[in-house]
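Asker: For reference, the file data.cif (mmCIF, C-alpha atoms) is included below:
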```cif
data_final
#
loop_
_atom_site.group_PDB
_atom_site.id
_atom_site.type_symbol
_atom_site.label_atom_id
_atom_site.label_comp_id
_atom_site.auth_asym_id
_atom_site.auth_seq_id
_atom_site.Cartn_x
_atom_site.Cartn_y
_atom_site.Cartn_z
ATOM 1 C CA GLU A 567 -22.830 25.944 -3.647
ATOM 2 C CA THR A 568 -21.210 22.580 -3.938
ATOM 3 C CA GLY A 569 -17.648 21.349 -4.132
ATOM 4 C CA VAL A 570 -14.779 23.770 -3.830
ATOM 5 C CA THR A 571 -15.201 27.423 -4.711
ATOM 6 C CA GLN A 572 -12.541 30.083 -5.180
ATOM 7 C CA THR A 573 -12.758 33.854 -5.394
ATOM 8 C CA PRO A 574 -11.832 35.894 -7.234
ATOM 9 C CA ARG A 575 -11.466 33.941 -10.476
ATOM 10 C CA HIS A 576 -9.130 36.552 -11.922
ATOM 11 C CA LEU A 577 -6.882 39.055 -10.181
ATOM 12 C CA VAL A 578 -4.472 41.649 -11.510
ATOM 13 C CA MET A 579 -2.294 43.318 -8.922
ATOM 14 C CA GLY A 580 0.738 45.528 -8.802
ATOM 15 C CA MET A 581 3.863 44.509 -6.980
ATOM 16 C CA THR A 582 3.120 46.818 -4.056
ATOM 17 C CA ASN A 583 -0.493 45.735 -3.564
ATOM 18 C CA LYS A 584 -1.933 43.489 -0.879
ATOM 19 C CA LYS A 585 -4.692 41.109 -1.848
ATOM 20 C CA SER A 586 -6.209 37.847 -0.633
ATOM 21 C CA LEU A 587 -7.461 34.730 -2.359
ATOM 22 C CA LYS A 588 -10.349 32.867 -0.800
ATOM 23 C CA CYS A 589 -11.263 29.198 -0.958
ATOM 24 C CA GLU A 590 -14.293 27.480 0.522
ATOM 25 C CA GLN A 591 -15.078 23.776 0.493
ATOM 26 C CA HIS A 592 -18.595 22.404 0.987
ATOM 27 C CA LEU A 593 -17.576 18.750 1.178
ATOM 28 C CA GLY A 594 -17.024 18.331 4.901
ATOM 29 C CA HIS A 595 -13.329 17.606 4.379
ATOM 30 C CA ASN A 596 -10.664 18.104 7.022
ATOM 31 C CA ALA A 597 -7.668 19.005 4.856
ATOM 32 C CA MET A 598 -7.118 21.892 2.461
ATOM 33 C CA TYR A 599 -4.310 22.734 0.066
ATOM 34 C CA TRP A 600 -2.901 25.605 -1.962
ATOM 35 C CA TYR A 601 -1.171 24.794 -5.233
ATOM 36 C CA LYS A 602 0.575 26.990 -7.786
ATOM 37 C CA GLN A 603 0.181 26.029 -11.434
ATOM 38 C CA SER A 604 2.580 27.594 -13.918
ATOM 39 C CA ALA A 605 2.727 26.818 -17.605
ATOM 40 C CA LYS A 606 4.650 23.661 -18.539
ATOM 41 C CA LYS A 607 5.504 22.837 -14.917
ATOM 42 C CA PRO A 608 4.051 20.280 -12.534
ATOM 43 C CA LEU A 609 1.665 21.525 -9.902
ATOM 44 C CA GLU A 610 3.604 22.933 -6.981
ATOM 45 C CA LEU A 611 2.204 22.240 -3.544
ATOM 46 C CA MET A 612 2.479 25.393 -1.436
ATOM 47 C CA PHE A 613 0.658 24.761 1.821
ATOM 48 C CA VAL A 614 -1.329 22.027 3.507
ATOM 49 C CA TYR A 615 -3.744 22.431 6.376
ATOM 50 C CA ASN A 616 -4.988 19.399 8.251
ATOM 51 C CA PHE A 617 -7.679 19.997 10.861
ATOM 52 C CA LYS A 618 -6.870 23.723 10.572
ATOM 53 C CA GLU A 619 -3.221 23.169 11.441
ATOM 54 C CA GLN A 620 -0.575 23.901 8.863
ATOM 55 C CA THR A 621 1.326 20.709 8.223
ATOM 56 C CA GLU A 622 3.308 21.602 5.132
ATOM 57 C CA ASN A 623 5.012 24.710 3.897
ATOM 58 C CA ASN A 624 7.052 23.822 0.860
ATOM 59 C CA SER A 625 9.651 26.586 1.119
ATOM 60 C CA VAL A 626 7.170 29.177 -0.065
ATOM 61 C CA PRO A 627 8.371 32.813 0.083
ATOM 62 C CA SER A 628 6.995 34.843 2.958
ATOM 63 C CA ARG A 629 5.177 37.146 0.545
ATOM 64 C CA PHE A 630 2.571 34.340 0.499
ATOM 65 C CA SER A 631 0.792 33.953 3.813
ATOM 66 C CA PRO A 632 -1.908 31.310 4.302
ATOM 67 C CA GLU A 633 -4.725 31.410 6.805
ATOM 68 C CA CYS A 634 -7.161 28.643 7.709
ATOM 69 C CA PRO A 635 -9.753 29.933 10.215
ATOM 70 C CA ASN A 636 -11.793 26.704 10.086
ATOM 71 C CA SER A 637 -11.849 23.459 8.139
ATOM 72 C CA SER A 638 -14.085 24.934 5.419
ATOM 73 C CA HIS A 639 -12.202 28.115 4.593
ATOM 74 C CA LEU A 640 -8.703 28.800 3.376
ATOM 75 C CA PHE A 641 -7.124 32.106 2.447
ATOM 76 C CA LEU A 642 -3.908 33.052 0.724
ATOM 77 C CA HIS A 643 -2.755 36.563 1.588
ATOM 78 C CA LEU A 644 -0.487 38.171 -0.996
ATOM 79 C CA HIS A 645 1.830 41.136 -0.584
ATOM 80 C CA THR A 646 4.741 42.606 -2.538
ATOM 81 C CA LEU A 647 4.555 39.908 -5.170
ATOM 82 C CA GLN A 648 6.904 39.522 -8.118
ATOM 83 C CA PRO A 649 5.977 39.091 -11.795
ATOM 84 C CA GLU A 650 7.139 35.464 -11.637
ATOM 85 C CA ASP A 651 4.341 34.848 -9.123
ATOM 86 C CA SER A 652 1.820 35.198 -11.950
ATOM 87 C CA ALA A 653 0.129 31.805 -12.218
ATOM 88 C CA LEU A 654 -3.077 29.890 -11.593
ATOM 89 C CA TYR A 655 -3.566 29.293 -7.876
ATOM 90 C CA LEU A 656 -5.586 26.229 -7.114
ATOM 91 C CA CYS A 657 -7.238 25.273 -3.881
ATOM 92 C CA ALA A 658 -8.091 21.659 -3.079
ATOM 93 C CA SER A 659 -9.590 19.704 -0.223
ATOM 94 C CA SER A 660 -9.580 16.089 0.881
ATOM 95 C CA GLN A 661 -10.627 13.838 3.715
ATOM 96 C CA GLU A 662 -7.572 12.632 5.601
ATOM 97 C CA GLY A 663 -7.287 9.939 8.193
ATOM 98 C CA GLN A 664 -9.542 6.943 8.707
ATOM 99 C CA GLY A 665 -11.802 6.359 5.763
ATOM 100 C CA SER A 666 -9.758 8.560 3.473
ATOM 101 C CA SER A 667 -10.012 7.930 -0.241
ATOM 102 C CA TYR A 668 -6.918 10.116 -0.796
ATOM 103 C CA GLU A 669 -8.737 12.021 -3.518
ATOM 104 C CA GLN A 670 -8.274 15.737 -3.733
ATOM 105 C CA TYR A 671 -11.102 17.900 -4.988
ATOM 106 C CA PHE A 672 -10.130 21.104 -6.738
ATOM 107 C CA GLY A 673 -11.623 24.522 -7.131
ATOM 108 C CA PRO A 674 -11.562 26.349 -10.480
ATOM 109 C CA GLY A 675 -8.556 28.423 -9.503
ATOM 110 C CA THR A 676 -7.649 32.104 -9.370
ATOM 111 C CA ARG A 677 -5.698 33.402 -12.361
ATOM 112 C CA LEU A 678 -3.234 35.878 -10.849
ATOM 113 C CA THR A 679 -1.315 38.416 -12.909
ATOM 114 C CA VAL A 680 1.323 40.543 -11.199
ATOM 115 C CA THR A 681 2.221 43.706 -13.094
ATOM 116 C CA ALA B 34 12.872 10.866 -4.465
ATOM 117 C CA GLN B 35 9.397 10.336 -5.795
ATOM 118 C CA SER B 36 8.653 11.642 -9.260
ATOM 119 C CA VAL B 37 6.128 11.373 -12.061
ATOM 120 C CA THR B 38 6.996 11.666 -15.741
ATOM 121 C CA GLN B 39 4.572 12.343 -18.532
ATOM 122 C CA PRO B 40 6.832 12.150 -21.575
ATOM 123 C CA ASP B 41 4.404 13.735 -24.038
ATOM 124 C CA ILE B 42 3.773 17.460 -23.662
ATOM 125 C CA HIS B 43 1.213 17.458 -26.484
ATOM 126 C CA ILE B 44 -0.684 14.698 -28.250
ATOM 127 C CA THR B 45 -2.931 15.186 -31.273
ATOM 128 C CA VAL B 46 -5.488 12.560 -32.240
ATOM 129 C CA SER B 47 -8.408 12.513 -34.615
ATOM 130 C CA GLU B 48 -11.917 12.403 -33.239
ATOM 131 C CA GLY B 49 -13.005 8.786 -32.957
ATOM 132 C CA ALA B 50 -9.443 7.472 -32.764
ATOM 133 C CA SER B 51 -8.032 5.650 -29.772
ATOM 134 C CA LEU B 52 -5.887 7.386 -27.183
ATOM 135 C CA GLU B 53 -3.087 6.412 -24.860
ATOM 136 C CA LEU B 54 -1.378 8.891 -22.542
ATOM 137 C CA ARG B 55 1.792 7.730 -20.863
ATOM 138 C CA CYS B 56 2.733 8.082 -17.225
ATOM 139 C CA ASN B 57 5.792 6.696 -15.451
ATOM 140 C CA TYR B 58 6.482 7.071 -11.777
ATOM 141 C CA SER B 59 9.346 6.605 -9.380
ATOM 142 C CA TYR B 60 8.331 5.426 -5.920
ATOM 143 C CA GLY B 61 9.744 2.723 -3.702
ATOM 144 C CA ALA B 62 6.538 1.272 -2.315
ATOM 145 C CA THR B 63 3.222 0.285 -3.841
ATOM 146 C CA PRO B 64 1.886 3.530 -5.197
ATOM 147 C CA TYR B 65 -1.500 5.122 -5.126
ATOM 148 C CA LEU B 66 -1.980 6.455 -8.656
ATOM 149 C CA PHE B 67 -4.343 9.029 -10.085
ATOM 150 C CA TRP B 68 -5.307 10.620 -13.372
ATOM 151 C CA TYR B 69 -6.902 14.059 -13.369
ATOM 152 C CA VAL B 70 -8.225 16.154 -16.253
ATOM 153 C CA GLN B 71 -8.236 19.937 -16.507
ATOM 154 C CA SER B 72 -10.406 21.708 -19.053
ATOM 155 C CA PRO B 73 -9.479 25.278 -20.015
ATOM 156 C CA GLY B 74 -10.190 27.730 -17.214
ATOM 157 C CA GLN B 75 -11.175 24.977 -14.825
ATOM 158 C CA GLY B 76 -9.757 23.130 -11.866
ATOM 159 C CA LEU B 77 -8.719 19.507 -11.928
ATOM 160 C CA GLN B 78 -11.253 16.678 -11.961
ATOM 161 C CA LEU B 79 -10.431 13.120 -10.934
ATOM 162 C CA LEU B 80 -10.791 10.636 -13.795
ATOM 163 C CA LEU B 81 -9.735 7.465 -12.006
ATOM 164 C CA LYS B 82 -7.453 6.071 -9.340
ATOM 165 C CA TYR B 83 -5.573 2.887 -8.503
ATOM 166 C CA PHE B 84 -4.999 1.741 -4.942
ATOM 167 C CA SER B 85 -4.803 -2.047 -5.118
ATOM 168 C CA GLY B 86 -6.423 -5.071 -6.681
ATOM 169 C CA ASP B 87 -7.309 -5.237 -10.355
ATOM 170 C CA THR B 88 -4.593 -3.454 -12.283
ATOM 171 C CA LEU B 89 -7.034 -2.250 -14.932
ATOM 172 C CA VAL B 90 -9.194 0.499 -13.505
ATOM 173 C CA GLN B 91 -12.203 2.145 -15.056
ATOM 174 C CA GLY B 92 -12.940 5.810 -14.692
ATOM 175 C CA ILE B 93 -15.398 8.438 -15.742
ATOM 176 C CA LYS B 94 -16.005 9.586 -19.312
ATOM 177 C CA GLY B 95 -15.022 6.206 -20.766
ATOM 178 C CA PHE B 96 -11.393 6.329 -19.626
ATOM 179 C CA GLU B 97 -9.401 3.445 -18.223
ATOM 180 C CA ALA B 98 -5.846 3.012 -17.003
ATOM 181 C CA GLU B 99 -3.590 0.044 -16.435
ATOM 182 C CA PHE B 100 -1.053 -0.236 -13.640
ATOM 183 C CA LYS B 101 2.085 -2.132 -14.672
ATOM 184 C CA ARG B 102 4.412 -2.540 -11.741
ATOM 185 C CA SER B 103 7.242 -3.997 -13.817
ATOM 186 C CA GLN B 104 7.268 -0.889 -15.999
ATOM 187 C CA SER B 105 6.401 1.617 -13.252
ATOM 188 C CA SER B 106 3.675 2.855 -15.541
ATOM 189 C CA PHE B 107 0.051 3.898 -15.277
ATOM 190 C CA ASN B 108 -1.052 4.733 -18.805
ATOM 191 C CA LEU B 109 -4.434 6.254 -19.542
ATOM 192 C CA ARG B 110 -6.490 4.951 -22.449
ATOM 193 C CA LYS B 111 -9.727 5.630 -24.243
ATOM 194 C CA PRO B 112 -10.945 3.589 -27.219
ATOM 195 C CA SER B 113 -12.596 6.475 -29.060
ATOM 196 C CA VAL B 114 -12.024 10.134 -28.242
ATOM 197 C CA HIS B 115 -14.607 12.881 -28.543
ATOM 198 C CA TRP B 116 -13.955 16.551 -29.237
ATOM 199 C CA SER B 117 -14.973 17.277 -25.643
ATOM 200 C CA ASP B 118 -11.959 15.275 -24.421
ATOM 201 C CA ALA B 119 -9.643 18.099 -25.503
ATOM 202 C CA ALA B 120 -8.027 19.134 -22.223
ATOM 203 C CA GLU B 121 -4.867 18.710 -20.202
ATOM 204 C CA TYR B 122 -4.331 15.428 -18.387
ATOM 205 C CA PHE B 123 -2.269 15.013 -15.236
ATOM 206 C CA CYS B 124 -0.914 11.864 -13.669
ATOM 207 C CA ALA B 125 -0.102 11.851 -9.952
ATOM 208 C CA VAL B 126 1.264 9.467 -7.343
ATOM 209 C CA GLY B 127 0.104 9.665 -3.751
ATOM 210 C CA VAL B 128 2.734 9.395 -1.041
ATOM 211 C CA PRO B 129 2.406 9.584 2.739
ATOM 212 C CA MET B 130 4.078 12.611 4.298
ATOM 213 C CA ASP B 131 3.820 13.288 8.016
ATOM 214 C CA SER B 132 0.130 13.556 8.783
ATOM 215 C CA ASN B 133 -1.022 13.957 5.203
ATOM 216 C CA TYR B 134 -1.173 11.995 2.034
ATOM 217 C CA GLN B 135 0.251 14.194 -0.721
ATOM 218 C CA LEU B 136 0.220 14.019 -4.477
ATOM 219 C CA ILE B 137 3.337 14.224 -6.635
ATOM 220 C CA TRP B 138 2.345 15.490 -10.073
ATOM 221 C CA GLY B 139 3.491 15.045 -13.628
ATOM 222 C CA ALA B 140 3.821 18.104 -15.854
ATOM 223 C CA GLY B 141 0.731 17.209 -17.834
ATOM 224 C CA THR B 142 -0.115 16.182 -21.393
ATOM 225 C CA LYS B 143 -2.243 18.466 -23.521
ATOM 226 C CA LEU B 144 -4.657 16.534 -25.720
ATOM 227 C CA ILE B 145 -5.645 18.134 -29.021
ATOM 228 C CA ILE B 146 -8.490 16.642 -31.029
ATOM 229 C CA LYS B 147 -8.526 16.922 -34.817
ATOM 230 C CA PRO B 148 -11.994 17.033 -36.384
#
```
If you convert what's in this file into structure tokens, what do you get?
Answerer:
Amino acid sequence: ETGVTQTPRHLVMGMTNKKSLKCEQHLGHNAMYWYKQSAKKPLELMFVYNFKEQTENNSVPSRFSPECPNSSHLFLHLHTLQPEDSALYLCASSQEGQGSSYEQYFGPGTRLTVT
Amino acid sequence: AQSVTQPDIHITVSEGASLELRCNYSYGATPYLFWYVQSPGQGLQLLLKYFSGDTLVQGIKGFEAEFKRSQSSFNLRKPSVHWSDAAEYFCAVGVPMDSNYQLIWGAGTKLIIKP
């Protein structure tokens, strides 16, 4: 596998379910990101991990819980979601610090539908 | 506050015609600027970026963009579009935040190609 992969690609869950989204990057980067993409809105940055430490949490509701066990893997744990949380969730990675090109590389996303 | 505006939600052009997608930004310092493309069901792919130097930058797939500081613009152009260019295009400005370099996104412009 190359680049950034995300699983599952599609997820339908009820409001009382618990599920997790997984992201893996094969680029040797040290930073990973979760974004939410809703129709007709700019991408919303949710969380940033830099060297496995969370450096940004953009006022995301606690029903979204990120986990970054190492610099290659990122999870987004979901519980008691609302219908308005239905969106495309994108994972990205980048190389931060010295030698950074500031480019973010994206996975294909997980299309989440909350029923 | 930093912001990115893409004034056109949709643009329709005929195959073989030229294309210009507009992007305006608001940022106090010299910006790092990016254009990404998103095909249906896919993540975002970097088309080109501007950091410094020549204000006309070349990207992949025959795209180019010109940075105009006086107009706070970074418009994307292509001399002759192909049906495969139908996608959504996102402009972003990179800003330093704490220990990361983050992207502020426009809402996107959907490009429709007429045969």
Asker: What are the residues of chain A that have an atom within 8 Å of an atom of chain B, counting only C-alpha atoms, as a PyMOL selection string?
Answerer: chain A and resi 606-609+616+621+656+662+668-675
Asker: Which residues are near A:Met581? Cut-off 8 Å, all atoms listed in the file, ignore same chain within fewer than 4 positions. Put them as JSON, numbers by chain.
Answerer: {"A": [645, 646, 647, 648, 649, 680, 681]}
Asker: Name all residues at most 9 Å from B:Tyr60 (count only C-alpha atoms; drop same-chain ones fewer than 6 positions away) and give them as an MDAnalysis selection string.
Answerer: chainID B and resid 34:37 105 126 128
Asker: Enter the distance from atom CA of B:Val114 to atom CA of B:Cys56, in Å, rounded to one decimal.
Answerer: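 Pair atom CA of B:Val114 / atom CA of B:Cys56 returns 18.5 Å.
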Asker: Using all atoms listed in the file, which residues sit within 12 Å of B:Asp87 once same-chain residues fewer than 5 positions away are excluded, as a ChimeraX atom specification?
Answerer: /B:82,97-101
Asker: Could stretch 110-121 of chain B be completed with all heavy atoms and returned as a short mmCIF file (atom, residue, chain, number, x, y, z; two decimals), keeping the file's coordinate frame?
Answerer:
```
data_model
loop_
_atom_site.label_atom_id
_atom_site.label_comp_id
_atom_site.auth_asym_id
_atom_site.auth_seq_id
_atom_site.Cartn_x
_atom_site.Cartn_y
_atom_site.Cartn_z
N ARG B 110 -6.03 5.33 -21.11
CA ARG B 110 -6.49 4.95 -22.45
C ARG B 110 -7.97 5.28 -22.62
O ARG B 110 -8.74 5.35 -21.65
CB ARG B 110 -6.29 3.45 -22.69
CG ARG B 110 -4.85 2.99 -22.57
CD ARG B 110 -4.68 1.63 -23.15
NE ARG B 110 -5.40 0.61 -22.39
CZ ARG B 110 -4.82 -0.35 -21.69
NH1 ARG B 110 -3.51 -0.42 -21.63
NH2 ARG B 110 -5.54 -1.26 -21.07
N LYS B 111 -8.32 5.50 -23.88
CA LYS B 111 -9.73 5.63 -24.24
C LYS B 111 -9.88 5.09 -25.66
O LYS B 111 -9.09 5.46 -26.54
CB LYS B 111 -10.19 7.09 -24.16
CG LYS B 111 -11.70 7.24 -24.38
CD LYS B 111 -12.18 8.64 -24.05
CE LYS B 111 -13.70 8.73 -24.19
NZ LYS B 111 -14.24 10.05 -23.83
N PRO B 112 -10.85 4.23 -25.90
CA PRO B 112 -10.94 3.59 -27.22
C PRO B 112 -11.34 4.53 -28.34
O PRO B 112 -10.94 4.34 -29.49
CB PRO B 112 -12.00 2.49 -27.02
CG PRO B 112 -12.69 2.82 -25.75
CD PRO B 112 -11.79 3.68 -24.94
N SER B 113 -12.13 5.57 -28.02
CA SER B 113 -12.60 6.48 -29.06
C SER B 113 -12.79 7.86 -28.46
O SER B 113 -13.68 8.05 -27.62
CB SER B 113 -13.92 5.96 -29.66
OG SER B 113 -14.44 6.88 -30.61
N VAL B 114 -11.96 8.81 -28.87
CA VAL B 114 -12.02 10.13 -28.24
C VAL B 114 -13.09 11.00 -28.91
O VAL B 114 -13.42 10.85 -30.08
CB VAL B 114 -10.66 10.86 -28.30
CG1 VAL B 114 -9.63 10.09 -27.50
CG2 VAL B 114 -10.21 11.11 -29.71
N HIS B 115 -13.59 11.92 -28.10
CA HIS B 115 -14.61 12.88 -28.54
C HIS B 115 -13.99 14.27 -28.47
O HIS B 115 -13.06 14.50 -27.69
CB HIS B 115 -15.83 12.76 -27.62
CG HIS B 115 -16.99 13.58 -28.02
ND1 HIS B 115 -17.27 14.80 -27.45
CD2 HIS B 115 -17.97 13.36 -28.93
CE1 HIS B 115 -18.37 15.30 -28.00
NE2 HIS B 115 -18.81 14.45 -28.90
N TRP B 116 -14.52 15.21 -29.24
CA TRP B 116 -13.96 16.55 -29.24
C TRP B 116 -13.93 17.14 -27.82
O TRP B 116 -13.05 17.90 -27.46
CB TRP B 116 -14.72 17.47 -30.20
CG TRP B 116 -16.14 17.74 -29.79
CD1 TRP B 116 -17.23 17.06 -30.21
CD2 TRP B 116 -16.61 18.73 -28.87
NE1 TRP B 116 -18.35 17.56 -29.61
CE2 TRP B 116 -18.01 18.58 -28.78
CE3 TRP B 116 -15.98 19.73 -28.11
CZ2 TRP B 116 -18.78 19.39 -27.98
CZ3 TRP B 116 -16.76 20.54 -27.31
CH2 TRP B 116 -18.14 20.36 -27.25
N SER B 117 -14.90 16.73 -27.00
CA SER B 117 -14.97 17.28 -25.64
C SER B 117 -13.85 16.76 -24.74
O SER B 117 -13.71 17.23 -23.61
CB SER B 117 -16.32 16.95 -25.01
OG SER B 117 -16.51 15.55 -24.95
N ASP B 118 -13.09 15.78 -25.21
CA ASP B 118 -11.96 15.28 -24.42
C ASP B 118 -10.73 16.19 -24.51
O ASP B 118 -9.74 15.97 -23.79
CB ASP B 118 -11.57 13.87 -24.87
CG ASP B 118 -12.66 12.84 -24.58
OD1 ASP B 118 -13.32 12.98 -23.53
OD2 ASP B 118 -12.86 11.94 -25.42
N ALA B 119 -10.77 17.17 -25.39
CA ALA B 119 -9.64 18.10 -25.50
C ALA B 119 -9.45 18.81 -24.17
O ALA B 119 -10.35 19.50 -23.67
CB ALA B 119 -9.90 19.11 -26.61
N ALA B 120 -8.29 18.63 -23.57
CA ALA B 120 -8.03 19.13 -22.22
C ALA B 120 -6.58 18.80 -21.89
O ALA B 120 -5.85 18.26 -22.72
CB ALA B 120 -8.97 18.49 -21.20
N GLU B 121 -6.19 19.12 -20.68
CA GLU B 121 -4.87 18.71 -20.20
C GLU B 121 -5.05 17.62 -19.16
O GLU B 121 -5.94 17.71 -18.30
CB GLU B 121 -4.10 19.90 -19.63
CG GLU B 121 -2.63 19.59 -19.41
CD GLU B 121 -1.74 20.83 -19.45
OE1 GLU B 121 -2.27 21.95 -19.33
OE2 GLU B 121 -0.52 20.66 -19.61
#
```
